[in-house]
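The data block below is my_file.txt; it holds compact mmCIF, C-alpha atoms and all ligand atoms.
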```txt
# COMPACT_ATOMS: atom_id res chain seq x y z
CA MET A 1 -21.52 -82.50 114.39
CA THR A 2 -21.78 -79.78 111.80
CA ASP A 3 -18.91 -79.42 109.32
CA TRP A 4 -18.85 -75.68 109.83
CA LEU A 5 -16.66 -74.67 106.90
CA SER A 6 -18.96 -76.49 104.47
CA ALA A 7 -22.03 -75.02 106.19
CA LEU A 8 -20.64 -71.47 105.91
CA GLU A 9 -19.89 -72.02 102.22
CA VAL A 10 -23.48 -73.14 101.63
CA CYS A 11 -24.69 -70.04 103.53
CA SER A 12 -22.56 -67.64 101.49
CA LYS A 13 -23.72 -69.13 98.17
CA ARG A 14 -27.35 -68.63 99.18
CA ILE A 15 -26.66 -65.10 100.48
CA ARG A 16 -24.93 -64.23 97.19
CA LYS A 17 -27.96 -65.40 95.21
CA GLU A 18 -30.38 -63.34 97.31
CA VAL A 19 -28.22 -60.21 97.67
CA LEU A 20 -26.79 -59.63 94.18
CA PRO A 21 -30.18 -58.59 92.68
CA LEU A 22 -30.24 -55.77 95.28
CA PHE A 23 -26.75 -54.44 94.43
CA GLY A 24 -26.93 -50.72 93.62
CA LYS A 25 -30.75 -50.69 93.80
CA ALA A 26 -32.47 -47.83 95.65
CA ASP A 27 -34.84 -50.12 97.54
CA ALA A 28 -31.89 -52.11 98.95
CA ALA A 29 -31.42 -49.14 101.31
CA THR A 30 -34.98 -49.23 102.71
CA GLY A 31 -34.59 -48.87 106.48
CA PHE A 32 -36.12 -51.16 109.13
CA GLY A 33 -35.10 -49.43 112.38
CA LYS A 34 -31.92 -49.77 114.40
CA GLY A 35 -30.14 -53.13 114.50
CA ALA A 36 -28.39 -54.72 117.48
CA GLY A 37 -25.07 -53.13 116.45
CA GLY A 38 -26.58 -49.64 116.46
CA ASP A 39 -26.79 -48.94 112.70
CA VAL A 40 -30.05 -48.72 110.76
CA MET A 41 -30.89 -52.15 109.31
CA LYS A 42 -31.36 -51.94 105.57
CA LYS A 43 -33.27 -54.31 103.31
CA ILE A 44 -30.03 -55.72 101.89
CA ASP A 45 -28.72 -56.50 105.44
CA LEU A 46 -31.92 -58.27 106.45
CA THR A 47 -32.07 -60.20 103.16
CA ALA A 48 -28.54 -61.51 103.79
CA GLU A 49 -29.27 -62.39 107.42
CA LYS A 50 -32.50 -64.19 106.56
CA ALA A 51 -30.75 -66.22 103.84
CA MET A 52 -28.11 -67.22 106.42
CA ILE A 53 -30.63 -68.23 109.10
CA ASP A 54 -32.83 -70.14 106.62
CA THR A 55 -29.78 -72.03 105.34
CA LEU A 56 -28.59 -72.93 108.84
CA ARG A 57 -32.08 -74.22 109.71
CA ASN A 58 -32.24 -76.24 106.48
CA LEU A 59 -28.87 -77.80 107.28
CA GLY A 60 -30.09 -78.74 110.77
CA ALA A 61 -27.27 -76.73 112.38
CA SER A 62 -27.36 -75.72 116.05
CA CYS A 63 -25.72 -72.46 117.14
CA THR A 64 -26.12 -69.17 118.93
CA LEU A 65 -26.13 -66.48 116.27
CA ILE A 66 -24.46 -63.19 117.26
CA SER A 67 -25.42 -60.78 114.51
CA GLU A 68 -24.90 -57.10 113.90
CA GLU A 69 -28.51 -56.96 112.72
CA SER A 70 -30.92 -59.01 114.83
CA GLY A 71 -28.63 -59.50 117.85
CA VAL A 72 -28.38 -62.84 119.65
CA LYS A 73 -30.59 -65.65 118.39
CA GLU A 74 -30.67 -69.37 119.21
CA ILE A 75 -30.90 -71.78 116.29
CA GLY A 76 -31.46 -75.55 116.54
CA SER A 77 -31.65 -77.87 119.55
CA GLN A 78 -28.15 -77.29 121.03
CA PRO A 79 -27.50 -73.58 120.58
CA SER A 80 -24.70 -73.38 123.16
CA ASP A 81 -22.48 -75.88 121.26
CA SER A 82 -21.28 -73.25 118.77
CA TYR A 83 -21.34 -69.48 118.42
CA LEU A 84 -21.69 -67.95 115.00
CA THR A 85 -20.64 -64.29 114.88
CA THR A 86 -21.69 -62.44 111.76
CA ASP A 87 -21.98 -59.23 109.91
CA PRO A 88 -24.33 -60.42 107.14
CA ILE A 89 -23.25 -57.47 104.95
CA ASP A 90 -20.07 -55.55 105.79
CA GLY A 91 -19.94 -52.53 103.50
CA THR A 92 -23.69 -51.92 103.25
CA THR A 93 -23.24 -48.33 102.02
CA ASN A 94 -21.03 -49.57 99.17
CA ALA A 95 -23.56 -52.28 98.28
CA VAL A 96 -26.59 -49.99 98.11
CA ARG A 97 -24.66 -47.30 96.18
CA GLY A 98 -23.39 -49.81 93.64
CA ILE A 99 -19.74 -49.77 94.75
CA PRO A 100 -18.53 -53.37 94.26
CA PHE A 101 -16.78 -53.76 97.62
CA PHE A 102 -18.76 -55.53 100.34
CA VAL A 103 -18.77 -58.95 101.98
CA THR A 104 -20.56 -61.44 104.13
CA SER A 105 -18.52 -62.25 107.25
CA ILE A 106 -19.13 -65.32 109.45
CA ALA A 107 -16.98 -66.74 112.29
CA VAL A 108 -17.57 -69.90 114.32
CA SER A 109 -16.30 -70.46 117.86
CA LYS A 110 -16.94 -72.84 120.76
CA ALA A 111 -17.11 -69.91 123.18
CA PRO A 112 -18.18 -66.30 122.59
CA TYR A 113 -14.69 -64.74 122.54
CA LEU A 114 -12.58 -63.51 119.66
CA ARG A 115 -9.62 -65.69 120.66
CA ASP A 116 -11.85 -68.79 120.37
CA VAL A 117 -12.75 -68.36 116.70
CA GLU A 118 -11.94 -71.63 114.93
CA VAL A 119 -13.55 -71.37 111.51
CA ALA A 120 -13.95 -68.25 109.39
CA LEU A 121 -15.41 -67.20 106.05
CA VAL A 122 -15.38 -63.78 104.38
CA SER A 123 -17.04 -63.75 100.99
CA ASP A 124 -16.66 -60.97 98.41
CA LEU A 125 -20.10 -61.52 96.91
CA ILE A 126 -19.73 -59.42 93.75
CA HIS A 127 -16.46 -61.02 92.64
CA ASP A 128 -17.33 -64.50 93.94
CA ILE A 129 -14.10 -64.64 95.95
CA THR A 130 -14.24 -66.44 99.28
CA TYR A 131 -11.60 -66.28 101.99
CA THR A 132 -11.64 -69.09 104.54
CA ALA A 133 -9.58 -70.26 107.50
CA LYS A 134 -9.58 -73.06 110.03
CA ARG A 135 -7.46 -72.56 113.12
CA GLY A 136 -4.06 -74.26 112.67
CA HIS A 137 -4.69 -75.06 109.00
CA GLY A 138 -3.85 -71.80 107.20
CA ALA A 139 -5.90 -69.28 105.25
CA PHE A 140 -7.27 -69.68 101.75
CA LYS A 141 -8.72 -67.61 98.88
CA ASN A 142 -11.06 -69.70 96.71
CA GLY A 143 -9.28 -72.79 98.03
CA LYS A 144 -5.72 -71.59 97.37
CA ARG A 145 -3.38 -70.93 100.28
CA ILE A 146 -2.61 -67.24 100.87
CA GLN A 147 0.12 -65.34 102.63
CA ALA A 148 0.80 -61.71 103.44
CA SER A 149 3.35 -59.41 101.82
CA THR A 150 6.97 -58.96 102.91
CA ALA A 151 6.79 -55.16 102.54
CA SER A 152 9.00 -53.44 105.07
CA SER A 153 8.82 -49.76 104.14
CA LEU A 154 5.77 -47.67 104.92
CA LYS A 155 6.62 -45.27 102.08
CA GLU A 156 5.59 -47.64 99.28
CA ALA A 157 3.08 -49.66 101.29
CA VAL A 158 -0.65 -49.75 100.56
CA VAL A 159 -2.26 -49.08 103.92
CA GLY A 160 -5.93 -49.05 104.87
CA ILE A 161 -7.23 -46.95 107.74
CA ASN A 162 -10.78 -46.73 109.00
CA LEU A 163 -11.94 -43.18 108.31
CA SER A 164 -15.64 -43.57 109.10
CA ALA A 165 -16.96 -40.90 111.45
CA VAL A 166 -13.51 -39.58 112.35
CA LYS A 167 -14.70 -36.55 114.27
CA LYS A 168 -12.80 -36.27 117.49
CA LYS A 169 -9.35 -34.73 117.65
CA ASN A 170 -7.74 -37.91 119.03
CA PHE A 171 -8.79 -39.84 115.91
CA LEU A 172 -7.33 -37.18 113.62
CA ALA A 173 -3.80 -37.44 115.04
CA PRO A 174 -3.14 -41.01 113.82
CA LEU A 175 -4.67 -40.14 110.47
CA VAL A 176 -2.38 -37.13 110.00
CA ALA A 177 0.64 -39.23 111.05
CA MET A 178 -0.20 -41.90 108.48
CA LEU A 179 -0.86 -39.30 105.76
CA LYS A 180 2.61 -37.87 106.33
CA GLU A 181 4.37 -41.23 106.16
CA THR A 182 2.53 -43.10 103.38
CA ARG A 183 1.67 -42.37 99.76
CA HIS A 184 -1.05 -44.97 99.39
CA LEU A 185 -3.58 -44.57 102.18
CA ARG A 186 -7.01 -46.10 101.59
CA HIS A 187 -10.38 -46.74 103.15
CA LEU A 188 -12.36 -48.93 100.82
CA GLY A 189 -15.42 -49.26 103.06
CA ALA A 190 -15.67 -52.94 104.05
CA ASN A 191 -13.36 -53.64 106.96
CA ALA A 192 -13.52 -57.44 106.81
CA LEU A 193 -12.42 -57.44 103.16
CA GLU A 194 -9.70 -54.87 103.81
CA LEU A 195 -8.30 -57.25 106.44
CA CYS A 196 -8.41 -60.14 103.96
CA TYR A 197 -6.40 -57.92 101.60
CA VAL A 198 -3.67 -57.76 104.25
CA ALA A 199 -3.86 -61.56 104.60
CA ASP A 200 -3.36 -62.23 100.87
CA GLY A 201 -0.75 -59.51 100.20
CA THR A 202 -3.07 -57.20 98.20
CA SER A 203 -2.34 -54.52 100.79
CA ASP A 204 0.26 -54.26 103.56
CA ALA A 205 -1.68 -53.03 106.59
CA PHE A 206 -5.09 -52.00 107.89
CA ILE A 207 -5.62 -49.83 110.94
CA GLU A 208 -8.65 -49.20 113.16
CA PRO A 209 -7.52 -46.37 115.45
CA ARG A 210 -10.95 -45.23 116.66
CA GLY A 211 -11.95 -48.03 119.02
CA LYS A 212 -15.27 -48.16 117.22
CA LEU A 213 -15.11 -51.18 114.96
CA ARG A 214 -17.52 -53.91 116.05
CA VAL A 215 -16.25 -57.43 116.66
CA THR A 216 -19.08 -58.73 114.47
CA ASP A 217 -17.27 -57.08 111.53
CA ILE A 218 -13.83 -58.51 112.22
CA ALA A 219 -14.30 -61.88 113.99
CA ALA A 220 -13.85 -63.93 110.79
CA ALA A 221 -11.12 -61.75 109.25
CA TYR A 222 -9.17 -61.93 112.53
CA LEU A 223 -8.62 -65.67 112.06
CA ILE A 224 -7.93 -65.30 108.32
CA VAL A 225 -5.27 -62.63 108.97
CA ARG A 226 -3.57 -64.71 111.64
CA GLU A 227 -3.73 -67.98 109.72
CA ALA A 228 -2.08 -66.21 106.75
CA GLY A 229 0.87 -65.43 109.03
CA SER A 230 0.09 -61.73 109.26
CA ILE A 231 -0.37 -59.68 112.42
CA MET A 232 -3.45 -58.33 114.16
CA LEU A 233 -2.84 -56.85 117.60
CA GLY A 234 -3.99 -53.92 119.73
CA LEU A 235 -2.53 -50.44 119.28
CA GLU A 236 0.15 -51.07 121.92
CA GLY A 237 1.07 -54.63 120.97
CA GLU A 238 -1.44 -56.36 123.22
CA GLU A 239 -3.24 -59.56 122.17
CA LEU A 240 -6.59 -58.73 120.67
CA ASP A 241 -9.39 -60.43 122.56
CA ALA A 242 -12.94 -59.35 123.26
CA PRO A 243 -16.30 -60.89 124.06
CA LEU A 244 -18.32 -61.59 120.93
CA THR A 245 -21.44 -59.44 121.31
CA PRO A 246 -23.28 -57.25 118.78
CA THR A 247 -22.05 -54.02 120.44
CA GLN A 248 -18.46 -54.86 121.49
CA THR A 249 -15.87 -52.70 119.68
CA VAL A 250 -12.08 -52.83 119.28
CA SER A 251 -9.03 -50.89 118.03
CA PHE A 252 -6.19 -52.66 116.25
CA ILE A 253 -3.34 -52.59 113.80
CA SER A 254 -3.23 -55.40 111.27
CA ALA A 255 0.00 -55.65 109.30
CA ALA A 256 1.59 -58.03 106.83
CA ASN A 257 4.53 -58.77 109.12
CA THR A 258 6.10 -57.86 112.46
CA LEU A 259 8.36 -55.18 110.98
CA MET A 260 5.41 -53.37 109.40
CA TYR A 261 3.38 -53.75 112.61
CA GLU A 262 6.14 -52.27 114.78
CA THR A 263 6.68 -49.35 112.39
CA ILE A 264 3.00 -48.40 112.47
CA LYS A 265 2.67 -48.97 116.22
CA LYS A 266 5.62 -46.66 116.94
CA LEU A 267 4.25 -44.00 114.64
CA LEU A 268 0.80 -44.05 116.26
CA LEU A 269 2.19 -44.13 119.79
CA SER A 270 4.23 -41.02 119.00
CA CYS A 271 1.07 -39.03 118.14
MG MG B 1 -23.36 -54.78 108.34
```

Rewritten as structure tokens:
Amino acid sequence: MTDWLSALEVCSKRIRKEVLPLFGKADAATGFGKGAGGDVMKKIDLTAEKAMIDTLRNLGASCTLISEESGVKEIGSQPSDSYLTTDPIDGTTNAVRGIPFFVTSIAVSKAPYLRDVEVALVSDLIHDITYTAKRGHGAFKNGKRIQASTASSLKEAVVGINLSAVKKKNFLAPLVAMLKETRHLRHLGANALELCYVADGTSDAFIEPRGKLRVTDIAAAYLIVREAGSIMLGLEGEELDAPLTPTQTVSFISAANTLMYETIKKLLLSC
């Protein structure tokens, strides 16, 4: 039996070592065709994924890898025992441009569904800050227990919203509503880390209104948010569950607490 949390920590250390020399370097953005998630795979993405796979093999781990880059891959002799859902680099554009806000995200589950995620790691590689969670055992930042904020007013809240490729009219309505109601709206460019910021009280909410965020990006942060006592539900209050595949996408509101969640939900539903 693999101790998955330890294995993920070993993976993220190796990824950090391989990826940091590419930070902000032009050749980190060299393209290698479309990945399983639909985006162009860049050198920095493939470097991170290779470091992860090599480490898992060295550790003798068995799993089915579900990756935004190379898709579904069986590793070891019993690949159906565990599913490892990953975005090797979330925030690739930031990483290749030299903006210090990107992570490695890895989630482990016994079945390929979001609700089954049991172990999670999101690692802010530049700052060497690692968020982890085990289902039923809380969420941690570099080993210290975290919890979300108690903010109740949207006016002074720091709120993240995914603004990538907001083209259609129906994506603009929630954005305009949030701009009217909040002073501190952000999109920092690495969704998994923005969710961890909700979990540890750095921010108060993060919203994906477009239905376009891949589960590979959020599978680990989903458990971290929930184990920190914060909320992550669909736009109408429904439980968030989805099959873990490289192309599956979701919409959600993540908020520090129920009051904040309900305030944002009502606002978006009124659009
Ligand atoms: Mg990625």

Counting all atoms listed in the file, name the residues that have an atom within 6 Å of an atom of ligand MG 1 (chain B); the answer should be given as a compact mmCIF listing (two decimals) with C-alpha atoms, keeping the file's coordinate frame.
```txt
# COMPACT_ATOMS: atom_id res chain seq x y z
CA ASP A 87 -21.98 -59.23 109.91
CA PRO A 88 -24.33 -60.42 107.14
CA ILE A 89 -23.25 -57.47 104.95
CA ASP A 90 -20.07 -55.55 105.79
CA THR A 92 -23.69 -51.92 103.25
```

*Neighbours of range 174-179 of chain A within 9 Å (all atoms listed in the file; same-chain residues fewer than 6 positions away dropped), as a PyMOL selection string?*
chain A and resi 159+161+163+185+209+264+267-271

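Counting only C-alpha atoms and comparing A:Lys25, A:Arg135, A:Lys212, A:Lys155, the residue that lies closest to Asn94 in chain A is A:Lys25.
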
*asked:* Between A:Gly37, A:Gly143, A:Gly189, A:Gly76, which residue has the minimum interatomic distance to Gly91 in chain A, considering all atoms listed in the file?
replied: A:Gly189

*Name the residues in contact with Arg183 in chain A at a cut-off of 8 Å, using all atoms listed in the file, excluding same-chain residues fewer than 6 positions from it; report them as an MDAnalysis selection string.*
chainID A and resid 155:158

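Going from CA of Asp217 in chain A to CA of Gly160 in chain A covers 15.4 Å.
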
With all atoms of range 101-104 of chain A from the file as input, state the centre and edge lengths in Å to one decimal of the axis-aligned box that has 3 Å extra on each side, as AutoDock Vina command-line options.
```
--center_x -18.7 --center_y -57.6 --center_z 100.9 --size_x 9.8 --size_y 13.7 --size_z 12.5
```

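The space between CA of Leu65 in chain A and CA of Leu84 in chain A spans 4.8 Å.
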
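Ranking A:Gln248, A:Glu262, A:Val122, A:Gly136 by their shortest atom-to-atom distance to Cys196 in chain A, with all atoms listed in the file included, puts A:Val122 first.
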
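Closest to Gln147 in chain A among A:Pro21, A:Gly35, A:Gly201, A:Pro100 is A:Gly201, based on all atoms listed in the file.
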